[in-house]
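With PDB, C-alpha atoms and all ligand atoms inside, this is structure_18.pdb:
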ATOM      1  CA  MET A   1      84.421  88.542  55.345
ATOM      2  CA  GLY A   2      81.524  89.392  57.650
ATOM      3  CA  VAL A   3      81.212  92.999  58.721
ATOM      4  CA  ALA A   4      81.541  92.060  62.415
ATOM      5  CA  LYS A   5      84.891  90.447  61.719
ATOM      6  CA  GLN A   6      86.010  93.517  59.787
ATOM      7  CA  LEU A   7      84.991  95.733  62.685
ATOM      8  CA  TYR A   8      86.783  93.447  65.095
ATOM      9  CA  GLN A   9      89.964  93.843  63.031
ATOM     10  CA  LEU A  10      89.404  97.595  62.957
ATOM     11  CA  GLN A  11      89.139  97.517  66.722
ATOM     12  CA  GLU A  12      92.393  95.588  67.067
ATOM     13  CA  LEU A  13      94.042  98.203  64.905
ATOM     14  CA  ASP A  14      92.493 101.039  66.911
ATOM     15  CA  LEU A  15      93.706  99.512  70.171
ATOM     16  CA  GLU A  16      97.195  99.256  68.740
ATOM     17  CA  ILE A  17      97.015 102.870  67.562
ATOM     18  CA  GLU A  18      95.853 103.925  71.018
ATOM     19  CA  SER A  19      98.630 102.147  72.860
ATOM     20  CA  SER A  20     101.220 103.500  70.419
ATOM     21  CA  GLU A  21      99.869 107.003  70.928
ATOM     22  CA  GLN A  22     100.057 106.577  74.691
ATOM     23  CA  ALA A  23     103.649 105.369  74.445
ATOM     24  CA  LEU A  24     104.448 108.285  72.149
ATOM     25  CA  SER A  25     102.999 110.866  74.499
ATOM     26  CA  GLN A  26     104.752 109.296  77.484
ATOM     27  CA  LYS A  27     108.110 109.299  75.701
ATOM     28  CA  SER A  28     107.579 112.794  74.330
ATOM     29  CA  SER A  29     107.025 114.106  77.839
ATOM     30  CA  GLN A  30     110.339 112.557  78.919
ATOM     31  CA  LEU A  31     112.158 114.181  76.040
ATOM     32  CA  GLY A  32     114.019 117.251  77.251
ATOM     33  CA  ASP A  33     112.939 116.647  80.855
ATOM     34  CA  ARG A  34     115.949 117.784  82.882
ATOM     35  CA  GLN A  35     114.244 117.742  86.285
ATOM     36  CA  VAL A  36     116.648 115.267  87.900
ATOM     37  CA  LEU A  37     119.710 116.978  86.419
ATOM     38  CA  ASP A  38     118.491 120.399  87.525
ATOM     39  CA  ARG A  39     117.953 119.138  91.050
ATOM     40  CA  VAL A  40     121.449 117.662  91.333
ATOM     41  CA  GLN A  41     122.915 120.768  89.698
ATOM     42  CA  ALA A  42     121.221 122.963  92.310
ATOM     43  CA  GLU A  43     122.461 120.620  95.032
ATOM     44  CA  LEU A  44     126.010 120.921  93.693
ATOM     45  CA  ALA A  45     125.779 124.718  93.532
ATOM     46  CA  ALA A  46     124.586 124.844  97.151
ATOM     47  CA  LYS A  47     127.424 122.558  98.287
ATOM     48  CA  GLN A  48     129.964 124.619  96.341
ATOM     49  CA  GLN A  49     128.656 127.803  97.936
ATOM     50  CA  GLN A  50     128.963 126.241 101.385
ATOM     51  CA  LEU A  51     132.526 125.165 100.595
ATOM     52  CA  ASP A  52     133.474 128.657  99.349
ATOM     53  CA  GLU A  53     132.064 130.144 102.523
ATOM     54  CA  LEU A  54     134.078 127.732 104.717
ATOM     55  CA  ARG A  55     137.278 128.414 102.769
ATOM     56  CA  ARG A  56     136.657 132.159 103.049
ATOM     57  CA  LYS A  57     136.234 131.880 106.836
ATOM     58  CA  GLN A  58     139.279 129.614 107.061
ATOM     59  CA  HIS A  59     141.465 132.081 105.146
ATOM     60  CA  SER A  60     140.179 135.020 107.115
ATOM     61  CA  SER A  61     141.121 133.190 110.343
ATOM     62  CA  GLU A  62     144.546 132.462 108.908
ATOM     63  CA  TRP A  63     145.095 136.119 108.009
ATOM     64  CA  GLU A  64     144.023 137.147 111.467
ATOM     65  CA  ILE A  65     146.510 134.640 112.935
ATOM     66  CA  ASP A  66     149.281 136.186 110.786
ATOM     67  CA  ASP A  67     148.312 139.647 112.052
ATOM     68  CA  LEU A  68     148.368 138.442 115.650
ATOM     69  CA  THR A  69     151.738 136.738 115.156
ATOM     70  CA  ALA A  70     153.152 140.030 113.867
ATOM     71  CA  LYS A  71     151.658 141.920 116.808
ATOM     72  CA  ILE A  72     153.012 139.359 119.283
ATOM     73  CA  LYS A  73     156.447 139.701 117.717
ATOM     74  CA  THR A  74     156.382 143.513 118.015
ATOM     75  CA  THR A  75     155.127 143.329 121.585
ATOM     76  CA  GLU A  76     157.763 140.802 122.618
ATOM     77  CA  GLU A  77     160.494 142.809 120.895
ATOM     78  CA  GLN A  78     159.453 145.832 122.909
ATOM     79  CA  LEU A  79     159.235 143.711 126.027
ATOM     80  CA  TYR A  80     162.720 142.226 125.711
ATOM     81  CA  SER A  81     164.426 145.188 124.049
ATOM     82  CA  GLY A  82     165.607 146.507 127.382
ATOM     83  CA  ARG A  83     164.495 149.978 126.352
ATOM     84  CA  ILE A  84     161.505 149.874 128.686
ATOM     85  CA  SER A  85     162.234 149.846 132.395
ATOM     86  CA  ASN A  86     158.947 151.079 133.810
ATOM     87  CA  PRO A  87     157.515 147.994 135.611
ATOM     88  CA  LYS A  88     153.932 149.065 134.987
ATOM     89  CA  GLU A  89     154.596 149.488 131.298
ATOM     90  CA  LEU A  90     156.426 146.146 131.184
ATOM     91  CA  SER A  91     153.609 144.385 132.953
ATOM     92  CA  GLY A  92     151.160 145.988 130.553
ATOM     93  CA  LEU A  93     153.137 144.678 127.593
ATOM     94  CA  GLN A  94     153.350 141.247 129.189
ATOM     95  CA  GLN A  95     149.591 141.191 129.617
ATOM     96  CA  GLU A  96     149.137 142.366 126.062
ATOM     97  CA  ALA A  97     151.379 139.533 124.746
ATOM     98  CA  THR A  98     149.509 136.942 126.816
ATOM     99  CA  MET A  99     146.162 138.190 125.589
ATOM    100  CA  LEU A 100     147.313 138.159 121.967
ATOM    101  CA  LYS A 101     148.620 134.591 122.332
ATOM    102  CA  THR A 102     145.366 133.391 123.888
ATOM    103  CA  ARG A 103     143.438 134.939 121.039
ATOM    104  CA  ARG A 104     145.827 133.344 118.529
ATOM    105  CA  ASP A 105     145.391 129.900 120.139
ATOM    106  CA  GLN A 106     141.633 130.252 119.853
ATOM    107  CA  LEU A 107     141.901 131.262 116.223
ATOM    108  CA  GLU A 108     144.253 128.405 115.446
ATOM    109  CA  THR A 109     141.750 125.925 116.858
ATOM    110  CA  GLN A 110     139.004 127.591 114.881
ATOM    111  CA  ALA A 111     141.041 127.621 111.658
ATOM    112  CA  LEU A 112     141.802 123.937 112.079
ATOM    113  CA  GLU A 113     138.125 123.131 112.555
ATOM    114  CA  LEU A 114     137.225 125.220 109.537
ATOM    115  CA  MET A 115     139.851 123.432 107.468
ATOM    116  CA  GLU A 116     138.436 120.046 108.470
ATOM    117  CA  GLN A 117     134.900 121.175 107.657
ATOM    118  CA  ALA A 118     136.047 122.610 104.329
ATOM    119  CA  ASP A 119     137.880 119.405 103.424
ATOM    120  CA  LEU A 120     134.762 117.413 104.178
ATOM    121  CA  ALA A 121     132.666 119.841 102.115
ATOM    122  CA  ALA A 122     135.182 119.564  99.251
ATOM    123  CA  THR A 123     134.760 115.782  99.273
ATOM    124  CA  GLY A 124     130.995 116.297  99.097
ATOM    125  CA  VAL A 125     131.368 118.675  96.152
ATOM    126  CA  ALA A 126     133.586 116.199  94.313
ATOM    127  CA  THR A 127     131.156 113.331  94.922
ATOM    128  CA  THR A 128     128.136 115.316  93.755
ATOM    129  CA  SER A 129     130.089 116.650  90.792
ATOM    130  CA  ASN A 130     130.961 113.102  89.691
ATOM    131  CA  GLU A 131     127.380 112.021  90.248
ATOM    132  CA  LEU A 132     126.174 114.889  88.078
ATOM    133  CA  LYS A 133     128.620 114.012  85.330
ATOM    134  CA  GLN A 134     127.426 110.404  85.355
ATOM    135  CA  LEU A 135     123.793 111.561  85.340
ATOM    136  CA  GLU A 136     124.454 113.867  82.411
ATOM    137  CA  ASP A 137     126.082 111.056  80.432
ATOM    138  CA  ASP A 138     123.141 108.762  81.206
ATOM    139  CA  TRP A 139     120.693 111.528  80.366
ATOM    140  CA  HIS A 140     122.216 112.201  76.951
ATOM    141  CA  HIS A 141     122.221 108.508  76.205
ATOM    142  CA  GLN A 142     118.600 108.183  77.347
ATOM    143  CA  GLN A 143     117.546 111.214  75.303
ATOM    144  CA  GLN A 144     119.112 109.760  72.180
ATOM    145  CA  GLN A 145     117.312 106.508  72.812
ATOM    146  CA  LEU A 146     114.038 108.381  73.354
ATOM    147  CA  SER A 147     114.453 110.263  70.076
ATOM    148  CA  THR A 148     114.970 106.981  68.247
ATOM    149  CA  GLU A 149     111.955 105.400  69.932
ATOM    150  CA  ILE A 150     109.779 108.432  69.171
ATOM    151  CA  GLU A 151     110.843 108.316  65.538
ATOM    152  CA  GLN A 152     109.998 104.601  65.394
ATOM    153  CA  LEU A 153     106.618 105.154  67.050
ATOM    154  CA  ASN A 154     105.760 107.961  64.632
ATOM    155  CA  GLY A 155     106.645 105.665  61.747
ATOM    156  CA  LYS A 156     104.569 102.860  63.193
ATOM    157  CA  LEU A 157     101.613 105.163  63.813
ATOM    158  CA  SER A 158     101.562 106.523  60.295
ATOM    159  CA  GLU A 159     101.686 102.940  58.986
ATOM    160  CA  LEU A 160      98.809 101.928  61.265
ATOM    161  CA  LYS A 161      96.767 104.942  60.223
ATOM    162  CA  ASN A 162      97.311 104.179  56.557
ATOM    163  CA  LYS A 163      96.211 100.637  57.225
ATOM    164  CA  ARG A 164      93.137 101.976  59.017
ATOM    165  CA  ASN A 165      92.229 104.200  56.082
ATOM    166  CA  SER A 166      92.393 101.341  53.627
ATOM    167  CA  MET A 167      90.395  99.203  56.035
ATOM    168  CA  LEU A 168      87.726 101.913  56.272
ATOM    169  CA  ALA A 169      87.528 102.095  52.491
ATOM    170  CA  GLY A 170      86.363  98.472  52.445
ATOM    171  CA  LEU A 171      83.850  98.873  55.263
ATOM    172  CA  ASP A 172      80.165  99.751  55.322
ATOM    173  CA  PRO A 173      80.053 103.418  56.506
ATOM    174  CA  GLN A 174      76.948 102.805  58.601
ATOM    175  CA  ALA A 175      78.659  99.959  60.446
ATOM    176  CA  VAL A 176      81.664 102.213  61.042
ATOM    177  CA  THR A 177      79.392 104.915  62.469
ATOM    178  CA  SER A 178      77.826 102.423  64.908
ATOM    179  CA  TYR A 179      81.291 101.220  65.833
ATOM    180  CA  GLU A 180      82.568 104.770  66.419
ATOM    181  CA  ASN A 181      79.515 105.658  68.511
ATOM    182  CA  ILE A 182      79.983 102.670  70.809
ATOM    183  CA  ARG A 183      83.694 103.356  71.058
ATOM    184  CA  LYS A 184      82.967 106.823  72.403
ATOM    185  CA  GLN A 185      81.607 105.133  75.532
ATOM    186  CA  LYS A 186      83.525 101.874  75.661
ATOM    187  CA  THR A 187      87.138 100.987  75.029
ATOM    188  CA  GLN A 188      86.057  97.995  72.997
ATOM    189  CA  ALA A 189      83.061  98.332  70.687
ATOM    190  CA  VAL A 190      83.194  94.777  69.408
ATOM    191  CA  ALA A 191      82.794  91.787  71.700
ATOM    192  CA  LYS A 192      83.606  88.193  70.901
ATOM    193  CA  VAL A 193      80.912  85.563  71.290
ATOM    194  CA  GLU A 194      82.024  82.267  72.755
ATOM    195  CA  GLN A 195      79.661  79.409  73.589
ATOM    196  CA  GLY A 196      76.702  81.738  73.080
ATOM    197  CA  ILE A 197      78.005  84.228  75.646
ATOM    198  CA  CYS A 198      79.012  87.860  75.065
ATOM    199  CA  GLN A 199      82.618  87.894  76.277
ATOM    200  CA  ALA A 200      82.407  91.546  77.289
ATOM    201  CA  CYS A 201      79.434  91.417  79.655
ATOM    202  CA  ARG A 202      79.101  87.634  80.062
ATOM    203  CA  ILE A 203      75.406  87.510  79.216
ATOM    204  CA  SER A 204      73.940  84.514  77.374
ATOM    205  CA  LEU A 205      72.625  85.619  74.024
ATOM    206  CA  ALA A 206      69.085  84.855  72.885
ATOM    207  CA  PHE A 207      68.832  82.129  70.278
ATOM    208  CA  SER A 208      67.540  84.580  67.660
ATOM    209  CA  ALA A 209      70.415  86.995  68.258
ATOM    210  CA  LEU A 210      72.889  84.152  67.966
ATOM    211  CA  GLN A 211      71.315  83.105  64.667
ATOM    212  CA  GLN A 212      71.676  86.662  63.386
ATOM    213  CA  VAL A 213      75.342  86.745  64.385
ATOM    214  CA  LYS A 214      75.934  83.437  62.674
ATOM    215  CA  SER A 215      74.392  84.825  59.498
ATOM    216  CA  ASP A 216      76.952  87.647  59.499
ATOM    217  CA  ASN A 217      74.409  90.311  60.371
ATOM    218  CA  LEU A 218      75.419  93.290  62.468
ATOM    219  CA  VAL A 219      73.973  92.570  65.915
ATOM    220  CA  GLN A 220      74.490  94.488  69.146
ATOM    221  CA  CYS A 221      74.479  92.752  72.504
ATOM    222  CA  SER A 222      71.129  93.313  74.189
ATOM    223  CA  SER A 223      72.890  93.872  77.487
ATOM    224  CA  CYS A 224      76.082  95.878  76.843
ATOM    225  CA  GLY A 225      75.297  97.197  73.385
ATOM    226  CA  ARG A 226      78.559  96.018  71.833
ATOM    227  CA  ILE A 227      78.713  94.693  68.308
ATOM    228  CA  LEU A 228      78.888  90.913  68.476
ATOM    229  CA  PHE A 229      81.518  88.949  66.623
ATOM    230  CA  LEU A 230      81.609  85.213  66.311
ATOM    231  CA  PRO A 231      85.186  84.095  65.661
TER
HETATM  232 ZN    ZN B   1      77.470  92.166  76.000
END

Rewritten as structure tokens:
Amino acid sequence: MGVAKQLYQLQELDLEIESSEQALSQKSSQLGDRQVLDRVQAELAAKQQQLDELRRKQHSSEWEIDDLTAKIKTTEEQLYSGRISNPKELSGLQQEATMLKTRRDQLETQALELMEQADLAATGVATTSNELKQLEDDWHHQQQQLSTEIEQLNGKLSELKNKRNSMLAGLDPQAVTSYENIRKQKTQAVAKVEQGICQACRISLAFSALQQVKSDNLVQCSSCGRILFLP
């Protein structure tokens, strides 16, 4: 086999190694990445906190209503007990009862609103909580899949690298050095020649260069510098 063909095969192997390494690094970066879960978890915590706050306000309104109801009862008992005959005192108590009832009405409206808000917030918490559970299930499944894929890629890469080593053993070291040097600047160091044209830079090769390629000599394209390979 001509050295150009060997280098072309080496290049195909190197490209496969490169793409496997890219896939490996991409998958490795996804492994253990909990960003989405953390975001939804924080969202849930914030919603839960809001709900707790609404419930706390709701209960505090309800306790205040109970207090007012007790006060109203005491005031009305005094008012209708018949023990108080002073009209000024009676009118004072009447006013007091009216004021307490007005305040209680306001609080009842407020407590009702708070209850509605809290119920709505509770629905939100439940929805987000279910969403998080589903995300966690998906995440665990995805992570397992990623681990498997990473394991497979590592296996594939070590196979490819072994193959590369045995390929190198059968290659002229000087040719490999040229190949490596070109590859430092270009993704592909070896270019195919078709109909006398370098397929990498599209230049027509000189007749002499073409003859050299045909004779299995190592020739670099005069334009792009790639090693030429005639399939
Ligand atoms: Zn070229």

Which residues of chain A come within 9 Å of ligand ZN 1 (chain B), and what is each one's closest atom pair and distance in Å (one decimal), counting all atoms listed in the file, sorted by chain and residue number, as JSON lines?
{"residue": "A:Ala191", "atom": "CA", "partner": "B:ZN1", "partner_atom": "ZN", "distance": 6.9}
{"residue": "A:Lys192", "atom": "CA", "partner": "B:ZN1", "partner_atom": "ZN", "distance": 8.9}
{"residue": "A:Val193", "atom": "CA", "partner": "B:ZN1", "partner_atom": "ZN", "distance": 8.8}
{"residue": "A:Ile197", "atom": "CA", "partner": "B:ZN1", "partner_atom": "ZN", "distance": 8.0}
{"residue": "A:Cys198", "atom": "CA", "partner": "B:ZN1", "partner_atom": "ZN", "distance": 4.7}
{"residue": "A:Gln199", "atom": "CA", "partner": "B:ZN1", "partner_atom": "ZN", "distance": 6.7}
{"residue": "A:Ala200", "atom": "CA", "partner": "B:ZN1", "partner_atom": "ZN", "distance": 5.1}
{"residue": "A:Cys201", "atom": "CA", "partner": "B:ZN1", "partner_atom": "ZN", "distance": 4.2}
{"residue": "A:Arg202", "atom": "CA", "partner": "B:ZN1", "partner_atom": "ZN", "distance": 6.3}
{"residue": "A:Ile203", "atom": "CA", "partner": "B:ZN1", "partner_atom": "ZN", "distance": 6.0}
{"residue": "A:Ser204", "atom": "CA", "partner": "B:ZN1", "partner_atom": "ZN", "distance": 8.5}
{"residue": "A:Leu205", "atom": "CA", "partner": "B:ZN1", "partner_atom": "ZN", "distance": 8.4}
{"residue": "A:Gln220", "atom": "CA", "partner": "B:ZN1", "partner_atom": "ZN", "distance": 7.8}
{"residue": "A:Cys221", "atom": "CA", "partner": "B:ZN1", "partner_atom": "ZN", "distance": 4.6}
{"residue": "A:Ser222", "atom": "CA", "partner": "B:ZN1", "partner_atom": "ZN", "distance": 6.7}
{"residue": "A:Ser223", "atom": "CA", "partner": "B:ZN1", "partner_atom": "ZN", "distance": 5.1}
{"residue": "A:Cys224", "atom": "CA", "partner": "B:ZN1", "partner_atom": "ZN", "distance": 4.1}
{"residue": "A:Gly225", "atom": "CA", "partner": "B:ZN1", "partner_atom": "ZN", "distance": 6.1}
{"residue": "A:Arg226", "atom": "CA", "partner": "B:ZN1", "partner_atom": "ZN", "distance": 5.8}
{"residue": "A:Ile227", "atom": "CA", "partner": "B:ZN1", "partner_atom": "ZN", "distance": 8.2}
{"residue": "A:Leu228", "atom": "CA", "partner": "B:ZN1", "partner_atom": "ZN", "distance": 7.8}

Quiz item: When you draw a straight line from atom CA of A:Leu171 to atom CA of A:Val219, how long is it in Å?
Solution: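 Answer for the atom CA of A:Leu171 to atom CA of A:Val219 separation: 15.8 Å.
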
Self-check item: Closest of A:Ser215, A:Ser85, A:Gln94, A:Ser61 to A:Lys73 - atom-to-atom distances counting all atoms listed in the file
Solution: A:Gln94

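Counting from atom CA of A:Asp14, the distance to atom CA of A:Arg164 is 8.0 Å.
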
Quiz item: Pick the closest to A:Asp66 from A:Phe207, A:Glu18, A:Glu108, A:Ser147: which is it, counting only C-alpha atoms?
Solution: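 When distances to A:Asp66 are compared using only C-alpha atoms, the smallest one comes from A:Glu108.
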
Quiz prompt | Selection near A:Gln49, 12 Å with only C-alpha atoms, sequence-local residues under 4 positions removed, as a PyMOL selection string | solution = chain A and resi 42-45+53-56+118+121-122+124-125

Residues as selected, C-alpha atoms, written as an mmCIF file, in the coordinates of the input, can you do that?
data_model
loop_
_atom_site.group_PDB
_atom_site.id
_atom_site.type_symbol
_atom_site.label_atom_id
_atom_site.label_comp_id
_atom_site.auth_asym_id
_atom_site.auth_seq_id
_atom_site.Cartn_x
_atom_site.Cartn_y
_atom_site.Cartn_z
ATOM 1 C CA ALA A 42 121.221 122.963 92.310
ATOM 2 C CA GLU A 43 122.461 120.620 95.032
ATOM 3 C CA LEU A 44 126.010 120.921 93.693
ATOM 4 C CA ALA A 45 125.779 124.718 93.532
ATOM 5 C CA GLU A 53 132.064 130.144 102.523
ATOM 6 C CA LEU A 54 134.078 127.732 104.717
ATOM 7 C CA ARG A 55 137.278 128.414 102.769
ATOM 8 C CA ARG A 56 136.657 132.159 103.049
ATOM 9 C CA ALA A 118 136.047 122.610 104.329
ATOM 10 C CA ALA A 121 132.666 119.841 102.115
ATOM 11 C CA ALA A 122 135.182 119.564 99.251
ATOM 12 C CA GLY A 124 130.995 116.297 99.097
ATOM 13 C CA VAL A 125 131.368 118.675 96.152
#

Practice problem: Excluding A:Asp67 and residues on its chain fewer than 5 positions from it, collect all residues at most 12 Å away from it, counting only C-alpha atoms, and give them as JSON, numbers by chain. | Solution: {"A": [60, 61, 62, 72, 73, 74, 100, 101, 103, 104, 107]}

Self-check item: Chain and number of each residue from the PyMOL selection byres (((chain A and resi 182) around 12) and not hetatm), as a count of residues only
Solution: 24

Self-check item: Pick from A:Ser81, A:Thr75, A:Gln110, A:Asn165 nearest to A:Leu93, counting all atoms listed in the file
Solution: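 Ranking A:Ser81, A:Thr75, A:Gln110, A:Asn165 by distance to A:Leu93, first place goes to A:Thr75.
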
Exercise. Would you mind reading off the distance between atom CA of A:Trp63 and atom CA of A:Met99, one decimal, in Å?
Key: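 Spanning atom CA of A:Trp63 to atom CA of A:Met99 is a straight-line distance of 17.7 Å.
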
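Of the residues listed (A:Leu51, A:Ile65, A:Ala97, A:Ala206), A:Leu51 shows the shortest atom-to-atom separation from A:Leu120; distances use all atoms listed in the file.
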
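The result of the PyMOL selection byres (((chain A and resi 163) around 12) and not hetatm) on the shown file is Gln9, Leu10, Glu12, Leu13, Asp14, Glu16, Ile17, Lys156, Leu157, Ser158, Glu159, Leu160, Lys161, Asn162, Arg164, Asn165, Ser166, Met167, Leu168, Ala169 and Gly170 of chain A.
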
Generate a file of the selected residues that holds C-alpha atoms, formatted as a PDB file, keeping the file's coordinate frame.
ATOM      1  CA  GLN A   9      89.964  93.843  63.031  1.00  0.00           C
ATOM      2  CA  LEU A  10      89.404  97.595  62.957  1.00  0.00           C
ATOM      3  CA  GLU A  12      92.393  95.588  67.067  1.00  0.00           C
ATOM      4  CA  LEU A  13      94.042  98.203  64.905  1.00  0.00           C
ATOM      5  CA  ASP A  14      92.493 101.039  66.911  1.00  0.00           C
ATOM      6  CA  GLU A  16      97.195  99.256  68.740  1.00  0.00           C
ATOM      7  CA  ILE A  17      97.015 102.870  67.562  1.00  0.00           C
ATOM      8  CA  LYS A 156     104.569 102.860  63.193  1.00  0.00           C
ATOM      9  CA  LEU A 157     101.613 105.163  63.813  1.00  0.00           C
ATOM     10  CA  SER A 158     101.562 106.523  60.295  1.00  0.00           C
ATOM     11  CA  GLU A 159     101.686 102.940  58.986  1.00  0.00           C
ATOM     12  CA  LEU A 160      98.809 101.928  61.265  1.00  0.00           C
ATOM     13  CA  LYS A 161      96.767 104.942  60.223  1.00  0.00           C
ATOM     14  CA  ASN A 162      97.311 104.179  56.557  1.00  0.00           C
ATOM     15  CA  ARG A 164      93.137 101.976  59.017  1.00  0.00           C
ATOM     16  CA  ASN A 165      92.229 104.200  56.082  1.00  0.00           C
ATOM     17  CA  SER A 166      92.393 101.341  53.627  1.00  0.00           C
ATOM     18  CA  MET A 167      90.395  99.203  56.035  1.00  0.00           C
ATOM     19  CA  LEU A 168      87.726 101.913  56.272  1.00  0.00           C
ATOM     20  CA  ALA A 169      87.528 102.095  52.491  1.00  0.00           C
ATOM     21  CA  GLY A 170      86.363  98.472  52.445  1.00  0.00           C
TER      22      GLY A 170
END

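Proximity of A:Ala23, A:Leu135, A:Gln152, A:Thr127 to A:Lys47, computed with only C-alpha atoms, is greatest for A:Thr127.
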
Quiz prompt | Nearest residue to A:Gln174 from the set A:Glu96, A:Val3, A:Leu15, A:Arg39 (distances using all atoms listed in the file) | solution = A:Val3

Self-check item: Residue members of the PyMOL selection byres (((chain A and resi 230) around 8) and not hetatm) in the file shown, as a list of chain:residue names
Solution: A:Ala4, A:Lys5, A:Lys192, A:Val193, A:Glu194, A:Val213, A:Lys214, A:Leu228, A:Phe229, A:Pro231

Quiz item: So which residues touch A:Ile150 within 7 Å, counting all atoms listed in the file, skipping near sequence neighbours fewer than 4 positions away, as a ChimeraX atom specification?
Solution: /A:24,27,146,154

Save out the residues we just selected, C-alpha atoms, as a PDB file, in the frame of the given file.
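Saved as again_39.pdb:
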ATOM      1  CA  LEU A  24     104.448 108.285  72.149  1.00  0.00           C
ATOM      2  CA  LYS A  27     108.110 109.299  75.701  1.00  0.00           C
ATOM      3  CA  LEU A 146     114.038 108.381  73.354  1.00  0.00           C
ATOM      4  CA  ASN A 154     105.760 107.961  64.632  1.00  0.00           C
TER       5      ASN A 154
END

Exercise. Excluding A:Gln145 and residues on its chain fewer than 5 positions from it, collect all residues at most 12 Å away from it, counting all atoms listed in the file, and give them as a list in words.
Key: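 My reading of the contact set: Lys27, Ser28, Gln30, Leu31, Asp138, Trp139, His140, Ile150, Glu151 and Gln152 of chain A.
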